[in-house]
$ cat final35.cif   # mmCIF, N, CA and C atoms
data_work
#
loop_
_atom_site.label_atom_id
_atom_site.label_comp_id
_atom_site.auth_asym_id
_atom_site.auth_seq_id
_atom_site.Cartn_x
_atom_site.Cartn_y
_atom_site.Cartn_z
N MET A 22 12.69 3.85 -28.82
CA MET A 22 13.67 3.86 -27.75
C MET A 22 13.03 4.33 -26.45
N ASP A 23 12.13 5.29 -26.54
CA ASP A 23 11.44 5.79 -25.37
C ASP A 23 10.58 4.69 -24.75
N PHE A 24 10.01 3.82 -25.59
CA PHE A 24 9.19 2.72 -25.10
C PHE A 24 10.00 1.77 -24.24
N GLY A 25 11.23 1.48 -24.64
CA GLY A 25 12.09 0.59 -23.86
C GLY A 25 12.42 1.16 -22.50
N LEU A 26 12.64 2.46 -22.42
CA LEU A 26 12.94 3.12 -21.15
C LEU A 26 11.73 3.08 -20.23
N LYS A 27 10.53 3.29 -20.78
CA LYS A 27 9.30 3.21 -19.98
C LYS A 27 9.11 1.79 -19.45
N SER A 28 9.42 0.82 -20.26
CA SER A 28 9.27 -0.58 -19.84
C SER A 28 10.23 -0.91 -18.69
N ILE A 29 11.45 -0.42 -18.77
CA ILE A 29 12.42 -0.65 -17.70
C ILE A 29 11.98 0.04 -16.42
N ASN A 30 11.48 1.28 -16.53
CA ASN A 30 10.99 2.00 -15.36
C ASN A 30 9.79 1.30 -14.73
N THR A 31 8.91 0.77 -15.56
CA THR A 31 7.74 0.05 -15.06
C THR A 31 8.17 -1.21 -14.32
N GLN A 32 9.11 -1.95 -14.88
CA GLN A 32 9.60 -3.16 -14.24
C GLN A 32 10.29 -2.83 -12.92
N ALA A 33 11.05 -1.75 -12.87
CA ALA A 33 11.72 -1.35 -11.64
C ALA A 33 10.71 -0.97 -10.57
N SER A 34 9.66 -0.25 -10.95
CA SER A 34 8.65 0.14 -9.95
C SER A 34 7.88 -1.09 -9.47
N MET A 35 7.64 -2.07 -10.33
CA MET A 35 6.96 -3.30 -9.90
C MET A 35 7.83 -4.08 -8.92
N LEU A 36 9.14 -4.10 -9.13
CA LEU A 36 10.04 -4.77 -8.20
C LEU A 36 10.01 -4.09 -6.84
N GLU A 37 9.95 -2.76 -6.82
CA GLU A 37 9.86 -2.02 -5.56
C GLU A 37 8.58 -2.37 -4.82
N ILE A 38 7.47 -2.45 -5.55
CA ILE A 38 6.18 -2.78 -4.93
C ILE A 38 6.23 -4.19 -4.35
N ASN A 39 6.82 -5.14 -5.08
CA ASN A 39 6.90 -6.51 -4.60
C ASN A 39 7.74 -6.62 -3.34
N LYS A 40 8.79 -5.82 -3.23
CA LYS A 40 9.61 -5.84 -2.02
C LYS A 40 8.85 -5.27 -0.83
N ALA A 41 7.97 -4.30 -1.09
CA ALA A 41 7.25 -3.62 -0.01
C ALA A 41 6.05 -4.43 0.49
N LEU A 42 5.56 -5.38 -0.30
CA LEU A 42 4.39 -6.14 0.10
C LEU A 42 4.74 -7.09 1.24
N PRO A 43 3.93 -7.08 2.29
CA PRO A 43 4.18 -8.04 3.37
C PRO A 43 3.81 -9.44 2.91
N ARG A 44 4.57 -10.41 3.35
CA ARG A 44 4.29 -11.80 3.01
C ARG A 44 3.37 -12.38 4.07
N VAL A 45 2.33 -13.07 3.64
CA VAL A 45 1.35 -13.63 4.55
C VAL A 45 1.65 -15.11 4.73
N ASP A 46 1.92 -15.51 5.95
CA ASP A 46 2.19 -16.91 6.29
C ASP A 46 0.88 -17.54 6.73
N LYS A 47 0.33 -18.44 5.90
CA LYS A 47 -0.98 -19.00 6.21
C LYS A 47 -0.94 -20.00 7.34
N ASN A 48 0.25 -20.36 7.84
CA ASN A 48 0.37 -21.28 8.97
C ASN A 48 0.59 -20.56 10.29
N ALA A 49 0.48 -19.26 10.29
CA ALA A 49 0.72 -18.47 11.50
C ALA A 49 -0.45 -18.63 12.48
N GLU A 50 -0.20 -18.28 13.72
CA GLU A 50 -1.25 -18.29 14.73
C GLU A 50 -2.31 -17.26 14.38
N ASP A 51 -3.48 -17.36 15.02
CA ASP A 51 -4.59 -16.46 14.69
C ASP A 51 -4.24 -14.99 14.84
N LYS A 52 -3.63 -14.61 15.95
CA LYS A 52 -3.30 -13.21 16.18
C LYS A 52 -2.26 -12.72 15.17
N ALA A 53 -1.25 -13.55 14.94
CA ALA A 53 -0.21 -13.17 13.98
C ALA A 53 -0.77 -13.11 12.56
N LEU A 54 -1.67 -14.04 12.24
CA LEU A 54 -2.30 -14.03 10.92
C LEU A 54 -3.13 -12.77 10.72
N ARG A 55 -3.85 -12.35 11.76
CA ARG A 55 -4.66 -11.13 11.68
C ARG A 55 -3.75 -9.92 11.45
N GLU A 56 -2.61 -9.86 12.15
CA GLU A 56 -1.67 -8.75 11.96
C GLU A 56 -1.12 -8.74 10.54
N GLN A 57 -0.83 -9.92 10.00
CA GLN A 57 -0.29 -10.00 8.65
C GLN A 57 -1.33 -9.58 7.61
N THR A 58 -2.57 -10.01 7.79
CA THR A 58 -3.60 -9.63 6.82
C THR A 58 -3.92 -8.14 6.93
N ASP A 59 -3.86 -7.58 8.14
CA ASP A 59 -4.05 -6.14 8.31
C ASP A 59 -2.93 -5.36 7.62
N ALA A 60 -1.70 -5.85 7.74
CA ALA A 60 -0.56 -5.18 7.09
C ALA A 60 -0.72 -5.23 5.57
N PHE A 61 -1.21 -6.36 5.07
CA PHE A 61 -1.44 -6.48 3.63
C PHE A 61 -2.52 -5.51 3.17
N GLU A 62 -3.58 -5.40 3.96
CA GLU A 62 -4.65 -4.46 3.63
C GLU A 62 -4.13 -3.02 3.66
N ALA A 63 -3.26 -2.71 4.60
CA ALA A 63 -2.68 -1.35 4.67
C ALA A 63 -1.93 -1.01 3.39
N VAL A 64 -1.21 -1.99 2.84
CA VAL A 64 -0.48 -1.76 1.59
C VAL A 64 -1.45 -1.50 0.44
N ILE A 65 -2.52 -2.28 0.39
CA ILE A 65 -3.52 -2.10 -0.67
C ILE A 65 -4.16 -0.71 -0.56
N VAL A 66 -4.54 -0.32 0.64
CA VAL A 66 -5.18 0.98 0.85
C VAL A 66 -4.21 2.11 0.49
N LYS A 67 -2.93 1.97 0.86
CA LYS A 67 -1.93 2.99 0.53
C LYS A 67 -1.78 3.12 -0.97
N MET A 68 -1.75 2.00 -1.69
CA MET A 68 -1.64 2.04 -3.14
C MET A 68 -2.86 2.73 -3.76
N LEU A 69 -4.04 2.45 -3.22
CA LEU A 69 -5.25 3.11 -3.71
C LEU A 69 -5.21 4.61 -3.47
N MET A 70 -4.78 5.02 -2.27
CA MET A 70 -4.71 6.45 -1.96
C MET A 70 -3.64 7.14 -2.80
N ASP A 71 -2.49 6.50 -3.00
CA ASP A 71 -1.44 7.08 -3.83
C ASP A 71 -1.94 7.31 -5.25
N ASN A 72 -2.65 6.33 -5.77
CA ASN A 72 -3.17 6.44 -7.13
C ASN A 72 -4.25 7.51 -7.22
N ALA A 73 -5.11 7.58 -6.22
CA ALA A 73 -6.19 8.57 -6.24
C ALA A 73 -5.67 9.99 -6.09
N MET A 74 -4.57 10.18 -5.39
CA MET A 74 -4.08 11.52 -5.10
C MET A 74 -2.85 11.92 -5.91
N LYS A 75 -2.54 11.17 -6.96
CA LYS A 75 -1.32 11.49 -7.71
C LYS A 75 -1.44 12.80 -8.48
N ASP A 76 -2.63 13.21 -8.86
CA ASP A 76 -2.83 14.47 -9.59
C ASP A 76 -3.39 15.56 -8.70
N GLU A 77 -3.26 15.38 -7.41
CA GLU A 77 -3.83 16.33 -6.44
C GLU A 77 -3.11 17.68 -6.50
N ASN A 78 -3.87 18.73 -6.53
CA ASN A 78 -3.32 20.08 -6.45
C ASN A 78 -3.32 20.53 -5.00
N ASN A 79 -2.36 21.36 -4.66
CA ASN A 79 -2.30 21.88 -3.30
C ASN A 79 -3.31 23.01 -3.16
N ILE A 80 -4.36 22.79 -2.38
CA ILE A 80 -5.44 23.78 -2.27
C ILE A 80 -5.09 24.90 -1.30
N PHE A 81 -4.06 24.72 -0.49
CA PHE A 81 -3.71 25.73 0.51
C PHE A 81 -2.65 26.70 0.02
N SER A 82 -1.85 26.29 -0.92
CA SER A 82 -0.77 27.13 -1.38
C SER A 82 -0.41 26.78 -2.82
N SER A 83 -0.02 27.78 -3.58
CA SER A 83 0.39 27.53 -4.96
C SER A 83 1.89 27.28 -5.04
N GLN A 84 2.60 27.46 -3.93
CA GLN A 84 4.04 27.23 -3.90
C GLN A 84 4.32 25.74 -3.76
N LYS A 85 5.45 25.33 -4.32
CA LYS A 85 5.88 23.94 -4.21
C LYS A 85 6.87 23.84 -3.05
N ASP A 86 6.47 23.14 -2.02
CA ASP A 86 7.37 22.92 -0.89
C ASP A 86 8.32 21.78 -1.23
N PRO A 87 9.58 21.86 -0.78
CA PRO A 87 10.55 20.83 -1.14
C PRO A 87 10.17 19.42 -0.66
N GLY A 88 9.59 19.31 0.49
CA GLY A 88 9.28 18.00 1.02
C GLY A 88 7.81 17.63 0.94
N ASP A 89 7.09 18.34 0.09
CA ASP A 89 5.64 18.16 0.01
C ASP A 89 5.25 16.72 -0.33
N LYS A 90 5.89 16.15 -1.34
CA LYS A 90 5.56 14.78 -1.74
C LYS A 90 5.89 13.78 -0.64
N ILE A 91 7.00 14.00 0.03
CA ILE A 91 7.41 13.09 1.10
C ILE A 91 6.43 13.13 2.26
N TYR A 92 6.05 14.32 2.67
CA TYR A 92 5.11 14.46 3.79
C TYR A 92 3.75 13.85 3.46
N LYS A 93 3.28 14.09 2.24
CA LYS A 93 1.99 13.53 1.84
C LYS A 93 2.05 12.01 1.78
N SER A 94 3.16 11.48 1.29
CA SER A 94 3.31 10.02 1.24
C SER A 94 3.36 9.42 2.64
N MET A 95 4.07 10.08 3.54
CA MET A 95 4.14 9.60 4.92
C MET A 95 2.76 9.67 5.58
N TYR A 96 2.02 10.73 5.29
CA TYR A 96 0.67 10.88 5.85
C TYR A 96 -0.25 9.76 5.36
N ARG A 97 -0.20 9.50 4.06
CA ARG A 97 -1.04 8.44 3.50
C ARG A 97 -0.64 7.07 4.04
N GLU A 98 0.64 6.86 4.26
CA GLU A 98 1.09 5.58 4.82
C GLU A 98 0.56 5.38 6.24
N GLU A 99 0.66 6.40 7.07
CA GLU A 99 0.16 6.29 8.44
C GLU A 99 -1.36 6.18 8.47
N LEU A 100 -2.03 6.88 7.57
CA LEU A 100 -3.48 6.79 7.48
C LEU A 100 -3.91 5.39 7.07
N SER A 101 -3.19 4.78 6.15
CA SER A 101 -3.53 3.43 5.72
C SER A 101 -3.27 2.41 6.82
N LYS A 102 -2.21 2.61 7.60
CA LYS A 102 -1.94 1.71 8.73
C LYS A 102 -3.02 1.83 9.80
N ALA A 103 -3.45 3.05 10.05
CA ALA A 103 -4.46 3.27 11.09
C ALA A 103 -5.81 2.71 10.68
N SER A 104 -6.10 2.70 9.40
CA SER A 104 -7.40 2.22 8.95
C SER A 104 -7.38 0.75 8.52
N ALA A 105 -6.24 0.10 8.61
CA ALA A 105 -6.13 -1.31 8.22
C ALA A 105 -7.05 -2.16 9.07
N GLY A 106 -7.73 -3.07 8.41
CA GLY A 106 -8.65 -3.95 9.10
C GLY A 106 -10.08 -3.47 9.05
N SER A 107 -10.32 -2.31 8.47
CA SER A 107 -11.68 -1.77 8.46
C SER A 107 -12.30 -1.72 7.07
N PHE A 108 -11.57 -2.13 6.03
CA PHE A 108 -12.10 -2.08 4.68
C PHE A 108 -12.64 -3.41 4.19
N GLY A 109 -12.29 -4.49 4.85
CA GLY A 109 -12.82 -5.79 4.49
C GLY A 109 -11.85 -6.71 3.76
N PHE A 110 -10.79 -6.14 3.17
CA PHE A 110 -9.80 -6.99 2.50
C PHE A 110 -9.14 -7.93 3.50
N SER A 111 -8.79 -7.39 4.64
CA SER A 111 -8.12 -8.15 5.68
C SER A 111 -9.01 -9.29 6.17
N GLN A 112 -10.28 -9.01 6.40
CA GLN A 112 -11.20 -10.03 6.89
C GLN A 112 -11.38 -11.16 5.89
N MET A 113 -11.54 -10.80 4.60
CA MET A 113 -11.71 -11.83 3.57
C MET A 113 -10.47 -12.71 3.47
N LEU A 114 -9.30 -12.09 3.49
CA LEU A 114 -8.05 -12.84 3.41
C LEU A 114 -7.86 -13.71 4.64
N TYR A 115 -8.18 -13.17 5.82
CA TYR A 115 -8.06 -13.93 7.06
C TYR A 115 -8.95 -15.17 7.04
N GLU A 116 -10.20 -14.99 6.63
CA GLU A 116 -11.13 -16.12 6.58
C GLU A 116 -10.67 -17.17 5.58
N TYR A 117 -10.18 -16.73 4.42
CA TYR A 117 -9.70 -17.65 3.41
C TYR A 117 -8.51 -18.46 3.92
N LEU A 118 -7.55 -17.78 4.51
CA LEU A 118 -6.36 -18.48 5.00
C LEU A 118 -6.67 -19.36 6.21
N SER A 119 -7.62 -18.95 7.02
CA SER A 119 -8.02 -19.76 8.19
C SER A 119 -8.66 -21.06 7.74
N GLN A 120 -9.42 -21.01 6.67
CA GLN A 120 -10.08 -22.22 6.17
C GLN A 120 -9.09 -23.18 5.51
N LYS A 121 -7.99 -22.66 4.99
CA LYS A 121 -7.00 -23.47 4.28
C LYS A 121 -6.08 -24.24 5.21
N ARG A 122 -6.17 -24.01 6.50
CA ARG A 122 -5.28 -24.72 7.43
C ARG A 122 -5.69 -26.13 7.60
#
$ encode --input "final35.cif" --output "structure tokens"
Amino acid sequence: MDFGLKSINTQASMLEINKALPRVDKNAEDKALREQTDAFEAVIVKMLMDNAMKDENNIFSSQKDPGDKIYKSMYREELSKASAGSFGFSQMLYEYLSQKR
């Protein structure tokens, strides 16, 4: 019975991820296509950072702050947006979609 509940939770989290992923329109103009591929890369980087930091201990304090998870998630989201376009995923996707036109 526990297995069925885990399966439902996994499916629900996958649906949330699919809703959050930006859709890339391969017929968009060059500037718009670059923005879309950068947004897609930001999502990938955020997912990588979330996964890497899920077991992170708070090195500054042993107390649990009420909004700690929210603040850290917001920080990682902004960090991923700021670094989008610099990891190479965006460039590879942009080149691939540009060639398919």
$ resolve_selection --input "final35.cif" --expression "the PyMOL selection byres ((chain A and resi 59) around 8)" --output "ChimeraX atom specification"
/A:53-58,60-65,101-102,104-107,110-112,115
$ write_last_selection --input "final35.cif" --atoms "N, CA and C atoms" --output "compact mmCIF listing (two decimals), keeping the file's coordinate frame"
# COMPACT_ATOMS: atom_id res chain seq x y z
N ALA A 53 -1.25 -13.55 14.94
CA ALA A 53 -0.21 -13.17 13.98
C ALA A 53 -0.77 -13.11 12.56
N LEU A 54 -1.67 -14.04 12.24
CA LEU A 54 -2.30 -14.03 10.92
C LEU A 54 -3.13 -12.77 10.72
N ARG A 55 -3.85 -12.35 11.76
CA ARG A 55 -4.66 -11.13 11.68
C ARG A 55 -3.75 -9.92 11.45
N GLU A 56 -2.61 -9.86 12.15
CA GLU A 56 -1.67 -8.75 11.96
C GLU A 56 -1.12 -8.74 10.54
N GLN A 57 -0.83 -9.92 10.00
CA GLN A 57 -0.29 -10.00 8.65
C GLN A 57 -1.33 -9.58 7.61
N THR A 58 -2.57 -10.01 7.79
CA THR A 58 -3.60 -9.63 6.82
C THR A 58 -3.92 -8.14 6.93
N ALA A 60 -1.70 -5.85 7.74
CA ALA A 60 -0.56 -5.18 7.09
C ALA A 60 -0.72 -5.23 5.57
N PHE A 61 -1.21 -6.36 5.07
CA PHE A 61 -1.44 -6.48 3.63
C PHE A 61 -2.52 -5.51 3.17
N GLU A 62 -3.58 -5.40 3.96
CA GLU A 62 -4.65 -4.46 3.63
C GLU A 62 -4.13 -3.02 3.66
N ALA A 63 -3.26 -2.71 4.60
CA ALA A 63 -2.68 -1.35 4.67
C ALA A 63 -1.93 -1.01 3.39
N VAL A 64 -1.21 -1.99 2.84
CA VAL A 64 -0.48 -1.76 1.59
C VAL A 64 -1.45 -1.50 0.44
N ILE A 65 -2.52 -2.28 0.39
CA ILE A 65 -3.52 -2.10 -0.67
C ILE A 65 -4.16 -0.71 -0.56
N SER A 101 -3.19 4.78 6.15
CA SER A 101 -3.53 3.43 5.72
C SER A 101 -3.27 2.41 6.82
N LYS A 102 -2.21 2.61 7.60
CA LYS A 102 -1.94 1.71 8.73
C LYS A 102 -3.02 1.83 9.80
N SER A 104 -6.10 2.70 9.40
CA SER A 104 -7.40 2.22 8.95
C SER A 104 -7.38 0.75 8.52
N ALA A 105 -6.24 0.10 8.61
CA ALA A 105 -6.13 -1.31 8.22
C ALA A 105 -7.05 -2.16 9.07
N GLY A 106 -7.73 -3.07 8.41
CA GLY A 106 -8.65 -3.95 9.10
C GLY A 106 -10.08 -3.47 9.05
N SER A 107 -10.32 -2.31 8.47
CA SER A 107 -11.68 -1.77 8.46
C SER A 107 -12.30 -1.72 7.07
N PHE A 110 -10.79 -6.14 3.17
CA PHE A 110 -9.80 -6.99 2.50
C PHE A 110 -9.14 -7.93 3.50
N SER A 111 -8.79 -7.39 4.64
CA SER A 111 -8.12 -8.15 5.68
C SER A 111 -9.01 -9.29 6.17
N GLN A 112 -10.28 -9.01 6.40
CA GLN A 112 -11.20 -10.03 6.89
C GLN A 112 -11.38 -11.16 5.89
N TYR A 115 -8.18 -13.17 5.82
CA TYR A 115 -8.06 -13.93 7.06
C TYR A 115 -8.95 -15.17 7.04
$ atom_distance --input "final35.cif" --atom1 "atom C of Ile91 (chain A)" --atom2 "CA of Asp71 (chain A)"
11.6 Å
$ atom_distance --input "final35.cif" --atom1 "atom C of Arg97 (chain A)" --atom2 "atom N of Asp51 (chain A)"
26.9 Å
$ atom_distance --input "final35.cif" --atom1 "CA of Phe108 (chain A)" --atom2 "CA of Val66 (chain A)"
8.5 Å
$ closest_residue --input "final35.cif" --among "A:Tyr92, A:Lys52, A:Lys85, A:Glu98" --to "Met70 (chain A)" --atoms "only C-alpha atoms"
A:Glu98
